[in-house]
Amino acid sequence: MTVGAETARAHRPGKPVPEGHDPDERGHFGVYGGRFMPEALIAAQDELAAEYAKAQGDPQYLAELDDLLRNYAGRPSLLTEAKRFAEHAGGARILLKREDLNHTGSHKINNVLGQALLVKRMGKRRVIAETGAGQHGVATATACALLDLECVVYMGKVDTERQALNVARMRLLGAEVIPVNSGSATLKDAINEALRDWVTNVDHTHYLLGTAAGSHPFPMMVRNFHKVIGDEARRQVLELTGRLPDVVAACVGGGSNAIGIFHGFIDDPGVRLVGFEPGGHGISSGEHGATLCEGTPGTLHGARSYLLQDDDGQVIEAYSISAGLDYPGVGPEHSYLKDIGRAEYRSITDDEAMQAFRLLSRTEGIIPAIESAHALAGAIKLGQELGPDAIILVNLSGRGDKDMDTAAKYFGLVDESKEESR
């Protein structure tokens, strides 16, 4: 079952777009977003939206979150200029926003700390989550350990195998990891199982969604928890270079790291916002996860957005070498930004991402997550297009420790015959 039953809270055509960048009161970014969920979950989402709204005006909550971000997560994250890497990008200046240096190794910690504090405020004791590459699962398990919350993480069986290290990390932190065998046994199917759990246990359980997708208020709330990335980066780039970047680049699966850094620059019309989606084996192969480049509007996991679907509206399985990017949907705000022309979206193949993965490792001594390597490959192309006067800011959304098994096999760095004989 794909949870996506429409409720009476669907989009109302012709409704004006609200002021600023927030969705309307029903969670619509233009014609995208909304709340297409089972009735059993509406009360819990209303409760979450109300608690989040109250928390935004509560100095104690904001101070507690700020303290955790600074003294536990390690914010502000660094801004690093990648000079040797930039030699391969037409000489353009490449600046890396180092979310890989956060506690747990990715940007995901920003969102889970904010939501975990809301769980405590709502008096709930149990947290469920889904994860693809494991970054969100590890971050959720970490926050639950810190705040003494029960934690259950759903993960596609395929992803548990290619991200075995992160499964071990989650279990060490005290989380129960449940492999999902249905469908393609990847992120989409893990979300389906998490939603089933939430319907059954909604009275005492919070679904800690890991990306800026899903039904209202998740896209807005997750985006806001990640806005700190863009706010910091904007200040740091100005301090380092004396001007704003020409381009802000980020990888896009569900789109949480991209929407977080984009929002620091969304009111700067001279700054291009470019998201890079997983092109897998190439768009023409049909094996990819380029939802915004190749998808069409539809409804998945509680919201209207671009998604990969066939002519009958059936969801098409996404593919990427990156476990964190093979999702057939995308956050609704990205769909809105695409339609109004504020952000651009391009695709990067597996091979292009892996070459960028190795290039950053060898030129800068930084091993990026394969997700982030899609943005790095995109930055090389952008630099070659724009030339040496350009400044390109890349969100390095996570570190590549978790991807070493995939990378070692891809580049032939291990003797698999000896590994199998052990």
# chains A, B, ... in the order shown; residues from 1 in each chain; ligands from 1
call {"tool": "select_by_dssp", "arguments": {"residues": "segment 280-377 of chain A", "states": "helix (DSSP H, G or I)", "output": "PDB file with N, CA and C atoms, in the first residue's frame"}}
result
ATOM      1  N   ILE A 283      19.500   9.392 -18.310  1.00  0.00           N
ATOM      2  CA  ILE A 283      18.058   9.607 -18.434  1.00  0.00           C
ATOM      3  C   ILE A 283      17.438   8.683 -19.482  1.00  0.00           C
ATOM      4  N   SER A 284      18.142   8.507 -20.601  1.00  0.00           N
ATOM      5  CA  SER A 284      17.581   7.690 -21.682  1.00  0.00           C
ATOM      6  C   SER A 284      17.451   6.223 -21.307  1.00  0.00           C
ATOM      7  N   SER A 285      18.197   5.789 -20.276  1.00  0.00           N
ATOM      8  CA  SER A 285      18.137   4.386 -19.866  1.00  0.00           C
ATOM      9  C   SER A 285      16.862   4.075 -19.097  1.00  0.00           C
ATOM     10  N   THR A 291      13.572  13.194 -10.622  1.00  0.00           N
ATOM     11  CA  THR A 291      12.146  13.462 -10.494  1.00  0.00           C
ATOM     12  C   THR A 291      11.735  14.800 -11.092  1.00  0.00           C
ATOM     13  N   LEU A 292      12.491  15.846 -10.808  1.00  0.00           N
ATOM     14  CA  LEU A 292      12.122  17.173 -11.307  1.00  0.00           C
ATOM     15  C   LEU A 292      12.466  17.331 -12.788  1.00  0.00           C
ATOM     16  N   CYS A 293      13.497  16.640 -13.227  1.00  0.00           N
ATOM     17  CA  CYS A 293      13.890  16.736 -14.638  1.00  0.00           C
ATOM     18  C   CYS A 293      12.957  15.939 -15.536  1.00  0.00           C
ATOM     19  N   GLU A 294      12.482  14.789 -15.048  1.00  0.00           N
ATOM     20  CA  GLU A 294      11.746  13.877 -15.919  1.00  0.00           C
ATOM     21  C   GLU A 294      10.356  13.516 -15.410  1.00  0.00           C
ATOM     22  N   PRO A 332       7.692  19.305  -2.081  1.00  0.00           N
ATOM     23  CA  PRO A 332       6.813  20.149  -2.905  1.00  0.00           C
ATOM     24  C   PRO A 332       7.349  21.550  -3.160  1.00  0.00           C
ATOM     25  N   GLU A 333       8.147  22.093  -2.235  1.00  0.00           N
ATOM     26  CA  GLU A 333       8.658  23.448  -2.473  1.00  0.00           C
ATOM     27  C   GLU A 333       9.629  23.462  -3.658  1.00  0.00           C
ATOM     28  N   HIS A 334      10.369  22.369  -3.858  1.00  0.00           N
ATOM     29  CA  HIS A 334      11.237  22.304  -5.032  1.00  0.00           C
ATOM     30  C   HIS A 334      10.405  22.342  -6.312  1.00  0.00           C
ATOM     31  N   SER A 335       9.263  21.659  -6.302  1.00  0.00           N
ATOM     32  CA  SER A 335       8.393  21.677  -7.482  1.00  0.00           C
ATOM     33  C   SER A 335       7.925  23.095  -7.770  1.00  0.00           C
ATOM     34  N   TYR A 336       7.586  23.801  -6.710  1.00  0.00           N
ATOM     35  CA  TYR A 336       7.140  25.188  -6.847  1.00  0.00           C
ATOM     36  C   TYR A 336       8.265  26.076  -7.381  1.00  0.00           C
ATOM     37  N   LEU A 337       9.469  25.921  -6.820  1.00  0.00           N
ATOM     38  CA  LEU A 337      10.607  26.730  -7.277  1.00  0.00           C
ATOM     39  C   LEU A 337      10.955  26.437  -8.731  1.00  0.00           C
ATOM     40  N   LYS A 338      10.787  25.190  -9.132  1.00  0.00           N
ATOM     41  CA  LYS A 338      11.024  24.843 -10.545  1.00  0.00           C
ATOM     42  C   LYS A 338      10.016  25.549 -11.443  1.00  0.00           C
ATOM     43  N   ASP A 339       8.750  25.478 -11.075  1.00  0.00           N
ATOM     44  CA  ASP A 339       7.706  26.041 -11.941  1.00  0.00           C
ATOM     45  C   ASP A 339       7.802  27.558 -12.066  1.00  0.00           C
ATOM     46  N   ILE A 340       8.174  28.228 -10.979  1.00  0.00           N
ATOM     47  CA  ILE A 340       8.263  29.696 -11.056  1.00  0.00           C
ATOM     48  C   ILE A 340       9.625  30.151 -11.579  1.00  0.00           C
ATOM     49  N   ASP A 350      25.497   8.337 -12.473  1.00  0.00           N
ATOM     50  CA  ASP A 350      26.298   7.644 -11.461  1.00  0.00           C
ATOM     51  C   ASP A 350      27.785   7.860 -11.703  1.00  0.00           C
ATOM     52  N   ASP A 351      28.200   7.665 -12.957  1.00  0.00           N
ATOM     53  CA  ASP A 351      29.633   7.742 -13.247  1.00  0.00           C
ATOM     54  C   ASP A 351      30.173   9.155 -13.017  1.00  0.00           C
ATOM     55  N   GLU A 352      29.404  10.167 -13.423  1.00  0.00           N
ATOM     56  CA  GLU A 352      29.858  11.546 -13.202  1.00  0.00           C
ATOM     57  C   GLU A 352      29.994  11.827 -11.706  1.00  0.00           C
ATOM     58  N   ALA A 353      29.048  11.324 -10.918  1.00  0.00           N
ATOM     59  CA  ALA A 353      29.107  11.529  -9.465  1.00  0.00           C
ATOM     60  C   ALA A 353      30.307  10.802  -8.865  1.00  0.00           C
ATOM     61  N   MET A 354      30.551   9.580  -9.314  1.00  0.00           N
ATOM     62  CA  MET A 354      31.657   8.811  -8.742  1.00  0.00           C
ATOM     63  C   MET A 354      33.017   9.405  -9.132  1.00  0.00           C
ATOM     64  N   GLN A 355      33.121   9.957 -10.326  1.00  0.00           N
ATOM     65  CA  GLN A 355      34.377  10.604 -10.707  1.00  0.00           C
ATOM     66  C   GLN A 355      34.622  11.849  -9.838  1.00  0.00           C
ATOM     67  N   ALA A 356      33.553  12.579  -9.532  1.00  0.00           N
ATOM     68  CA  ALA A 356      33.679  13.744  -8.650  1.00  0.00           C
ATOM     69  C   ALA A 356      33.996  13.308  -7.223  1.00  0.00           C
ATOM     70  N   PHE A 357      33.427  12.181  -6.819  1.00  0.00           N
ATOM     71  CA  PHE A 357      33.696  11.592  -5.496  1.00  0.00           C
ATOM     72  C   PHE A 357      35.201  11.346  -5.341  1.00  0.00           C
ATOM     73  N   ARG A 358      35.790  10.720  -6.356  1.00  0.00           N
ATOM     74  CA  ARG A 358      37.226  10.414  -6.291  1.00  0.00           C
ATOM     75  C   ARG A 358      38.067  11.686  -6.437  1.00  0.00           C
ATOM     76  N   LEU A 359      37.611  12.598  -7.288  1.00  0.00           N
ATOM     77  CA  LEU A 359      38.396  13.816  -7.521  1.00  0.00           C
ATOM     78  C   LEU A 359      38.504  14.663  -6.256  1.00  0.00           C
ATOM     79  N   LEU A 360      37.402  14.841  -5.541  1.00  0.00           N
ATOM     80  CA  LEU A 360      37.485  15.633  -4.306  1.00  0.00           C
ATOM     81  C   LEU A 360      38.372  14.935  -3.286  1.00  0.00           C
ATOM     82  N   SER A 361      38.283  13.603  -3.233  1.00  0.00           N
ATOM     83  CA  SER A 361      39.115  12.853  -2.285  1.00  0.00           C
ATOM     84  C   SER A 361      40.596  13.078  -2.564  1.00  0.00           C
ATOM     85  N   ARG A 362      40.967  13.068  -3.839  1.00  0.00           N
ATOM     86  CA  ARG A 362      42.386  13.131  -4.199  1.00  0.00           C
ATOM     87  C   ARG A 362      42.939  14.551  -4.268  1.00  0.00           C
ATOM     88  N   THR A 363      42.061  15.539  -4.487  1.00  0.00           N
ATOM     89  CA  THR A 363      42.567  16.916  -4.601  1.00  0.00           C
ATOM     90  C   THR A 363      42.459  17.697  -3.297  1.00  0.00           C
ATOM     91  N   GLU A 364      41.503  17.305  -2.436  1.00  0.00           N
ATOM     92  CA  GLU A 364      41.278  18.092  -1.224  1.00  0.00           C
ATOM     93  C   GLU A 364      41.374  17.273   0.064  1.00  0.00           C
ATOM     94  N   ILE A 370      28.204  10.094  -1.451  1.00  0.00           N
ATOM     95  CA  ILE A 370      27.908   9.995  -2.891  1.00  0.00           C
ATOM     96  C   ILE A 370      26.777  10.957  -3.263  1.00  0.00           C
ATOM     97  N   GLU A 371      25.852  11.190  -2.338  1.00  0.00           N
ATOM     98  CA  GLU A 371      24.808  12.185  -2.616  1.00  0.00           C
ATOM     99  C   GLU A 371      25.456  13.527  -2.977  1.00  0.00           C
ATOM    100  N   SER A 372      26.360  13.976  -2.090  1.00  0.00           N
ATOM    101  CA  SER A 372      27.016  15.271  -2.291  1.00  0.00           C
ATOM    102  C   SER A 372      27.846  15.295  -3.562  1.00  0.00           C
ATOM    103  N   ALA A 373      28.371  14.125  -3.942  1.00  0.00           N
ATOM    104  CA  ALA A 373      29.212  14.060  -5.138  1.00  0.00           C
ATOM    105  C   ALA A 373      28.413  14.437  -6.391  1.00  0.00           C
ATOM    106  N   HIS A 374      27.108  14.260  -6.375  1.00  0.00           N
ATOM    107  CA  HIS A 374      26.290  14.710  -7.506  1.00  0.00           C
ATOM    108  C   HIS A 374      26.375  16.236  -7.647  1.00  0.00           C
ATOM    109  N   ALA A 375      26.341  16.948  -6.532  1.00  0.00           N
ATOM    110  CA  ALA A 375      26.468  18.409  -6.581  1.00  0.00           C
ATOM    111  C   ALA A 375      27.872  18.819  -6.994  1.00  0.00           C
ATOM    112  N   LEU A 376      28.873  18.054  -6.556  1.00  0.00           N
ATOM    113  CA  LEU A 376      30.251  18.356  -6.948  1.00  0.00           C
ATOM    114  C   LEU A 376      30.444  18.187  -8.447  1.00  0.00           C
ATOM    115  N   ALA A 377      29.889  17.111  -9.006  1.00  0.00           N
ATOM    116  CA  ALA A 377      29.977  16.904 -10.456  1.00  0.00           C
ATOM    117  C   ALA A 377      29.262  18.038 -11.190  1.00  0.00           C
TER     118      ALA A 377
END
call {"tool": "residues_around", "arguments": {"residues": "segment 183-190 of chain A", "least_positions_apart": "2", "cutoff": "7 Å", "atoms": "only C-alpha atoms", "output": "PDB file with N, CA, C and O atoms, in the first residue's frame"}}
result
ATOM      1  N   GLU A 130      12.261   6.802   8.884  1.00  0.00           N
ATOM      2  CA  GLU A 130      12.680   6.005   7.734  1.00  0.00           C
ATOM      3  C   GLU A 130      14.047   6.505   7.310  1.00  0.00           C
ATOM      4  O   GLU A 130      14.436   7.629   7.619  1.00  0.00           O
ATOM      5  N   THR A 131      14.794   5.659   6.628  1.00  0.00           N
ATOM      6  CA  THR A 131      16.089   6.130   6.133  1.00  0.00           C
ATOM      7  C   THR A 131      16.483   5.373   4.874  1.00  0.00           C
ATOM      8  O   THR A 131      16.082   4.217   4.696  1.00  0.00           O
ATOM      9  N   GLY A 132      17.244   6.050   4.013  1.00  0.00           N
ATOM     10  CA  GLY A 132      17.738   5.416   2.799  1.00  0.00           C
ATOM     11  C   GLY A 132      19.211   5.090   2.960  1.00  0.00           C
ATOM     12  O   GLY A 132      19.596   3.949   3.190  1.00  0.00           O
ATOM     13  N   TYR A 154      12.747   2.373  10.023  1.00  0.00           N
ATOM     14  CA  TYR A 154      12.446   1.500   8.886  1.00  0.00           C
ATOM     15  C   TYR A 154      13.441   1.793   7.771  1.00  0.00           C
ATOM     16  O   TYR A 154      13.734   2.947   7.455  1.00  0.00           O
ATOM     17  N   MET A 155      13.926   0.698   7.161  1.00  0.00           N
ATOM     18  CA  MET A 155      14.959   0.836   6.134  1.00  0.00           C
ATOM     19  C   MET A 155      14.782  -0.274   5.103  1.00  0.00           C
ATOM     20  O   MET A 155      14.591  -1.443   5.472  1.00  0.00           O
ATOM     21  N   GLY A 156      14.794   0.082   3.822  1.00  0.00           N
ATOM     22  CA  GLY A 156      14.675  -0.930   2.780  1.00  0.00           C
ATOM     23  C   GLY A 156      15.752  -1.991   2.918  1.00  0.00           C
ATOM     24  O   GLY A 156      16.894  -1.694   3.261  1.00  0.00           O
ATOM     25  N   LYS A 157      15.364  -3.251   2.649  1.00  0.00           N
ATOM     26  CA  LYS A 157      16.324  -4.351   2.795  1.00  0.00           C
ATOM     27  C   LYS A 157      17.564  -4.124   1.933  1.00  0.00           C
ATOM     28  O   LYS A 157      18.694  -4.389   2.378  1.00  0.00           O
ATOM     29  N   VAL A 158      17.350  -3.620   0.709  1.00  0.00           N
ATOM     30  CA  VAL A 158      18.500  -3.343  -0.167  1.00  0.00           C
ATOM     31  C   VAL A 158      19.427  -2.319   0.483  1.00  0.00           C
ATOM     32  O   VAL A 158      20.654  -2.463   0.459  1.00  0.00           O
ATOM     33  N   ASP A 159      18.833  -1.309   1.093  1.00  0.00           N
ATOM     34  CA  ASP A 159      19.650  -0.265   1.718  1.00  0.00           C
ATOM     35  C   ASP A 159      20.365  -0.765   2.967  1.00  0.00           C
ATOM     36  O   ASP A 159      21.468  -0.316   3.286  1.00  0.00           O
ATOM     37  N   VAL A 180      12.804  -3.548   5.397  1.00  0.00           N
ATOM     38  CA  VAL A 180      11.548  -3.589   4.636  1.00  0.00           C
ATOM     39  C   VAL A 180      11.809  -4.349   3.336  1.00  0.00           C
ATOM     40  O   VAL A 180      12.682  -3.978   2.554  1.00  0.00           O
ATOM     41  N   ASN A 181      11.024  -5.396   3.114  1.00  0.00           N
ATOM     42  CA  ASN A 181      11.237  -6.255   1.939  1.00  0.00           C
ATOM     43  C   ASN A 181      10.294  -5.956   0.793  1.00  0.00           C
ATOM     44  O   ASN A 181      10.463  -6.493  -0.300  1.00  0.00           O
ATOM     45  N   ASN A 192       6.590   3.982   3.265  1.00  0.00           N
ATOM     46  CA  ASN A 192       5.280   3.332   3.340  1.00  0.00           C
ATOM     47  C   ASN A 192       5.107   2.591   4.664  1.00  0.00           C
ATOM     48  O   ASN A 192       4.060   2.689   5.319  1.00  0.00           O
ATOM     49  N   GLU A 193       6.137   1.839   5.070  1.00  0.00           N
ATOM     50  CA  GLU A 193       6.039   1.064   6.316  1.00  0.00           C
ATOM     51  C   GLU A 193       5.991   1.983   7.529  1.00  0.00           C
ATOM     52  O   GLU A 193       5.273   1.711   8.500  1.00  0.00           O
ATOM     53  N   ALA A 194       6.758   3.066   7.495  1.00  0.00           N
ATOM     54  CA  ALA A 194       6.728   4.010   8.621  1.00  0.00           C
ATOM     55  C   ALA A 194       5.335   4.633   8.760  1.00  0.00           C
ATOM     56  O   ALA A 194       4.829   4.804   9.878  1.00  0.00           O
ATOM     57  N   TYR A 327      14.746   8.054  -4.722  1.00  0.00           N
ATOM     58  CA  TYR A 327      13.374   8.292  -4.269  1.00  0.00           C
ATOM     59  C   TYR A 327      12.592   8.870  -5.448  1.00  0.00           C
ATOM     60  O   TYR A 327      13.064   9.825  -6.094  1.00  0.00           O
TER      61      TYR A 327
END
call {"tool": "residues_around", "arguments": {"residues": "Glu277 of chain A", "least_positions_apart": "3", "cutoff": "10 Å", "atoms": "only C-alpha atoms", "output": "PyMOL selection string"}}
result
chain A and resi 250-255+274+280+288-293+320+325-326+345-349+371+374-375+378
call {"tool": "write_last_selection", "arguments": {"atoms": "N, CA, C and O atoms", "output": "tab-separated table (two decimals), in the first residue's frame"}}
result
chain	number	residue	atom	x	y	z
A	250	ALA	N	23.42	22.07	-4.92
A	250	ALA	CA	23.18	21.01	-3.93
A	250	ALA	C	22.57	19.81	-4.63
A	250	ALA	O	21.91	19.95	-5.67
A	251	CYS	N	22.77	18.63	-4.04
A	251	CYS	CA	22.11	17.44	-4.57
A	251	CYS	C	20.64	17.45	-4.13
A	251	CYS	O	20.29	18.05	-3.11
A	252	VAL	N	19.80	16.76	-4.91
A	252	VAL	CA	18.37	16.70	-4.59
A	252	VAL	C	17.87	15.27	-4.73
A	252	VAL	O	17.91	14.69	-5.82
A	253	GLY	N	17.44	14.72	-3.60
A	253	GLY	CA	16.66	13.48	-3.60
A	253	GLY	C	15.27	13.88	-3.15
A	253	GLY	O	14.44	14.33	-3.93
A	254	GLY	N	15.04	13.78	-1.83
A	254	GLY	CA	13.85	14.42	-1.27
A	254	GLY	C	14.00	15.93	-1.25
A	254	GLY	O	13.03	16.67	-1.40
A	255	GLY	N	15.25	16.39	-1.01
A	255	GLY	CA	15.55	17.80	-1.19
A	255	GLY	C	15.80	18.60	0.07
A	255	GLY	O	15.80	19.83	0.01
A	274	VAL	N	20.80	25.88	-8.08
A	274	VAL	CA	20.81	24.74	-8.99
A	274	VAL	C	20.85	23.44	-8.19
A	274	VAL	O	21.77	23.20	-7.40
A	280	GLY	N	21.45	8.42	-12.54
A	280	GLY	CA	21.65	6.97	-12.60
A	280	GLY	C	22.47	6.54	-13.80
A	280	GLY	O	23.58	7.02	-14.03
A	288	HIS	N	16.93	5.93	-13.34
A	288	HIS	CA	17.40	7.16	-12.72
A	288	HIS	C	16.42	7.58	-11.62
A	288	HIS	O	15.40	6.91	-11.39
A	289	GLY	N	16.74	8.69	-10.97
A	289	GLY	CA	15.84	9.23	-9.95
A	289	GLY	C	15.65	10.73	-10.15
A	289	GLY	O	15.46	11.46	-9.18
A	290	ALA	N	15.68	11.15	-11.42
A	290	ALA	CA	15.61	12.58	-11.75
A	290	ALA	C	14.14	13.04	-11.78
A	290	ALA	O	13.57	13.26	-12.84
A	291	THR	N	13.57	13.19	-10.62
A	291	THR	CA	12.15	13.46	-10.49
A	291	THR	C	11.74	14.80	-11.09
A	291	THR	O	10.73	14.89	-11.80
A	292	LEU	N	12.49	15.85	-10.81
A	292	LEU	CA	12.12	17.17	-11.31
A	292	LEU	C	12.47	17.33	-12.79
A	292	LEU	O	11.79	18.07	-13.50
A	293	CYS	N	13.50	16.64	-13.23
A	293	CYS	CA	13.89	16.74	-14.64
A	293	CYS	C	12.96	15.94	-15.54
A	293	CYS	O	12.67	16.36	-16.66
A	320	SER	N	19.41	4.95	-8.26
A	320	SER	CA	20.66	5.71	-8.14
A	320	SER	C	21.69	4.84	-7.45
A	320	SER	O	21.34	3.99	-6.62
A	325	LEU	N	19.44	8.88	-2.61
A	325	LEU	CA	18.82	9.67	-3.69
A	325	LEU	C	17.80	8.89	-4.51
A	325	LEU	O	17.14	9.49	-5.37
A	326	ASP	N	17.65	7.59	-4.30
A	326	ASP	CA	16.76	6.83	-5.17
A	326	ASP	C	15.32	6.87	-4.65
A	326	ASP	O	14.76	5.88	-4.22
A	345	TYR	N	17.04	22.64	-12.16
A	345	TYR	CA	17.35	21.27	-11.76
A	345	TYR	C	17.95	20.52	-12.96
A	345	TYR	O	17.43	20.59	-14.07
A	346	ARG	N	19.06	19.86	-12.71
A	346	ARG	CA	19.76	19.09	-13.73
A	346	ARG	C	20.02	17.69	-13.19
A	346	ARG	O	19.93	17.45	-11.99
A	347	SER	N	20.41	16.78	-14.08
A	347	SER	CA	20.72	15.42	-13.64
A	347	SER	C	22.20	15.13	-13.81
A	347	SER	O	22.86	15.68	-14.70
A	348	ILE	N	22.70	14.26	-12.95
A	348	ILE	CA	24.09	13.82	-12.96
A	348	ILE	C	24.10	12.30	-12.92
A	348	ILE	O	23.41	11.69	-12.08
A	349	THR	N	24.85	11.67	-13.81
A	349	THR	CA	24.87	10.21	-13.85
A	349	THR	C	25.69	9.63	-12.69
A	349	THR	O	26.49	10.33	-12.05
A	371	GLU	N	25.85	11.19	-2.34
A	371	GLU	CA	24.81	12.19	-2.62
A	371	GLU	C	25.46	13.53	-2.98
A	371	GLU	O	25.16	14.15	-3.99
A	374	HIS	N	27.11	14.26	-6.37
A	374	HIS	CA	26.29	14.71	-7.51
A	374	HIS	C	26.38	16.24	-7.65
A	374	HIS	O	26.47	16.76	-8.77
A	375	ALA	N	26.34	16.95	-6.53
A	375	ALA	CA	26.47	18.41	-6.58
A	375	ALA	C	27.87	18.82	-6.99
A	375	ALA	O	28.06	19.82	-7.71
A	378	GLY	N	28.15	18.46	-10.64
A	378	GLY	CA	27.43	19.58	-11.24
A	378	GLY	C	28.24	20.87	-11.17
A	378	GLY	O	28.22	21.68	-12.12
call {"tool": "closest_residue", "arguments": {"among": "A:Gly298, A:Pro23, A:Gly33, A:Gly383", "to": "Asp246 of chain A", "atoms": "only C-alpha atoms"}}
result
A:Gly383
call {"tool": "residues_around", "arguments": {"residues": "segment 174-176 of chain A", "least_positions_apart": "5", "cutoff": "8 Å", "atoms": "only C-alpha atoms", "output": "PyMOL selection string"}}
result
chain A and resi 141+145+150-153
call {"tool": "atom_distance", "arguments": {"atom1": "atom CA of Met170 of chain A", "atom2": "atom CA of Thr142 of chain A"}}
result
7.8 Å
call {"tool": "atom_distance", "arguments": {"atom1": "atom CA of Phe262 of chain A", "atom2": "atom CA of Leu240 of chain A"}}
result
18.8 Å
call {"tool": "select_by_dssp", "arguments": {"residues": "segment 34-175 of chain A", "states": "strand (DSSP E)", "output": "list in words"}}
result
Leu79, Thr80, Glu81, Arg93, Ile94, Leu95, Leu96, Lys97, Arg98, Arg126, Val127, Ile128, Ala129, Glu130, Thr131, Glu150, Cys151, Val152, Val153, Tyr154, Met155 and Gly156 of chain A
call {"tool": "residues_around", "arguments": {"residues": "Thr104 of chain A", "least_positions_apart": "2", "cutoff": "10 Å", "atoms": "only C-alpha atoms", "output": "count of residues only"}}
result
18
call {"tool": "closest_residue", "arguments": {"among": "A:His226, A:His204, A:Lys83, A:Arg235", "to": "Leu113 of chain A", "atoms": "only C-alpha atoms"}}
result
A:His226
call {"tool": "atom_distance", "arguments": {"atom1": "atom CA of Ala92 of chain A", "atom2": "atom CA of Ile366 of chain A"}}
result
18.8 Å
call {"tool": "closest_residue", "arguments": {"among": "A:Ile191, A:Val271, A:Asp403, A:Asp311", "to": "Pro297 of chain A", "atoms": "only C-alpha atoms"}}
result
A:Asp311
call {"tool": "closest_residue", "arguments": {"among": "A:His206, A:Arg196, A:Arg75, A:Arg162", "to": "Leu117 of chain A", "atoms": "only C-alpha atoms"}}
result
A:His206
call {"tool": "decode", "arguments": {"residues": "segment 65-70 of chain A", "atoms": "all heavy atoms", "output": "PDB file, in the first residue's frame"}}
result
ATOM      1  N   LEU A  65      17.273  24.626  21.429  1.00  0.00           N
ATOM      2  CA  LEU A  65      17.693  24.145  20.111  1.00  0.00           C
ATOM      3  C   LEU A  65      19.007  24.796  19.690  1.00  0.00           C
ATOM      4  O   LEU A  65      19.906  24.120  19.172  1.00  0.00           O
ATOM      5  CB  LEU A  65      16.591  24.439  19.079  1.00  0.00           C
ATOM      6  CG  LEU A  65      16.911  24.038  17.631  1.00  0.00           C
ATOM      7  CD1 LEU A  65      17.245  22.552  17.523  1.00  0.00           C
ATOM      8  CD2 LEU A  65      15.742  24.397  16.710  1.00  0.00           C
ATOM      9  N   ASP A  66      19.130  26.081  19.930  1.00  0.00           N
ATOM     10  CA  ASP A  66      20.365  26.775  19.566  1.00  0.00           C
ATOM     11  C   ASP A  66      21.555  26.198  20.325  1.00  0.00           C
ATOM     12  O   ASP A  66      22.634  26.008  19.755  1.00  0.00           O
ATOM     13  CB  ASP A  66      20.221  28.275  19.861  1.00  0.00           C
ATOM     14  CG  ASP A  66      21.458  29.049  19.446  1.00  0.00           C
ATOM     15  OD1 ASP A  66      21.709  29.150  18.237  1.00  0.00           O
ATOM     16  OD2 ASP A  66      22.183  29.541  20.340  1.00  0.00           O
ATOM     17  N   ASP A  67      21.345  25.886  21.590  1.00  0.00           N
ATOM     18  CA  ASP A  67      22.429  25.307  22.396  1.00  0.00           C
ATOM     19  C   ASP A  67      22.845  23.942  21.843  1.00  0.00           C
ATOM     20  O   ASP A  67      24.045  23.638  21.746  1.00  0.00           O
ATOM     21  CB  ASP A  67      21.976  25.174  23.854  1.00  0.00           C
ATOM     22  CG  ASP A  67      23.055  24.565  24.727  1.00  0.00           C
ATOM     23  OD1 ASP A  67      24.070  25.242  24.960  1.00  0.00           O
ATOM     24  OD2 ASP A  67      22.895  23.399  25.152  1.00  0.00           O
ATOM     25  N   LEU A  68      21.864  23.125  21.481  1.00  0.00           N
ATOM     26  CA  LEU A  68      22.188  21.803  20.921  1.00  0.00           C
ATOM     27  C   LEU A  68      22.913  21.933  19.588  1.00  0.00           C
ATOM     28  O   LEU A  68      23.861  21.190  19.311  1.00  0.00           O
ATOM     29  CB  LEU A  68      20.905  20.985  20.742  1.00  0.00           C
ATOM     30  CG  LEU A  68      20.276  20.432  22.020  1.00  0.00           C
ATOM     31  CD1 LEU A  68      18.941  19.747  21.704  1.00  0.00           C
ATOM     32  CD2 LEU A  68      21.216  19.435  22.702  1.00  0.00           C
ATOM     33  N   LEU A  69      22.471  22.862  18.746  1.00  0.00           N
ATOM     34  CA  LEU A  69      23.125  23.029  17.451  1.00  0.00           C
ATOM     35  C   LEU A  69      24.576  23.467  17.619  1.00  0.00           C
ATOM     36  O   LEU A  69      25.472  23.004  16.907  1.00  0.00           O
ATOM     37  CB  LEU A  69      22.354  24.042  16.593  1.00  0.00           C
ATOM     38  CG  LEU A  69      20.981  23.577  16.080  1.00  0.00           C
ATOM     39  CD1 LEU A  69      20.269  24.728  15.375  1.00  0.00           C
ATOM     40  CD2 LEU A  69      21.114  22.390  15.139  1.00  0.00           C
ATOM     41  N   ARG A  70      24.825  24.349  18.580  1.00  0.00           N
ATOM     42  CA  ARG A  70      26.177  24.863  18.773  1.00  0.00           C
ATOM     43  C   ARG A  70      27.075  23.883  19.515  1.00  0.00           C
ATOM     44  O   ARG A  70      28.217  23.649  19.120  1.00  0.00           O
ATOM     45  CB  ARG A  70      26.126  26.188  19.544  1.00  0.00           C
ATOM     46  CG  ARG A  70      25.572  27.341  18.717  1.00  0.00           C
ATOM     47  CD  ARG A  70      25.545  28.629  19.533  1.00  0.00           C
ATOM     48  NE  ARG A  70      25.039  29.727  18.744  1.00  0.00           N
ATOM     49  CZ  ARG A  70      25.776  30.451  17.905  1.00  0.00           C
ATOM     50  NH1 ARG A  70      27.064  30.184  17.791  1.00  0.00           N
ATOM     51  NH2 ARG A  70      25.236  31.419  17.209  1.00  0.00           N
TER      52      ARG A  70
END
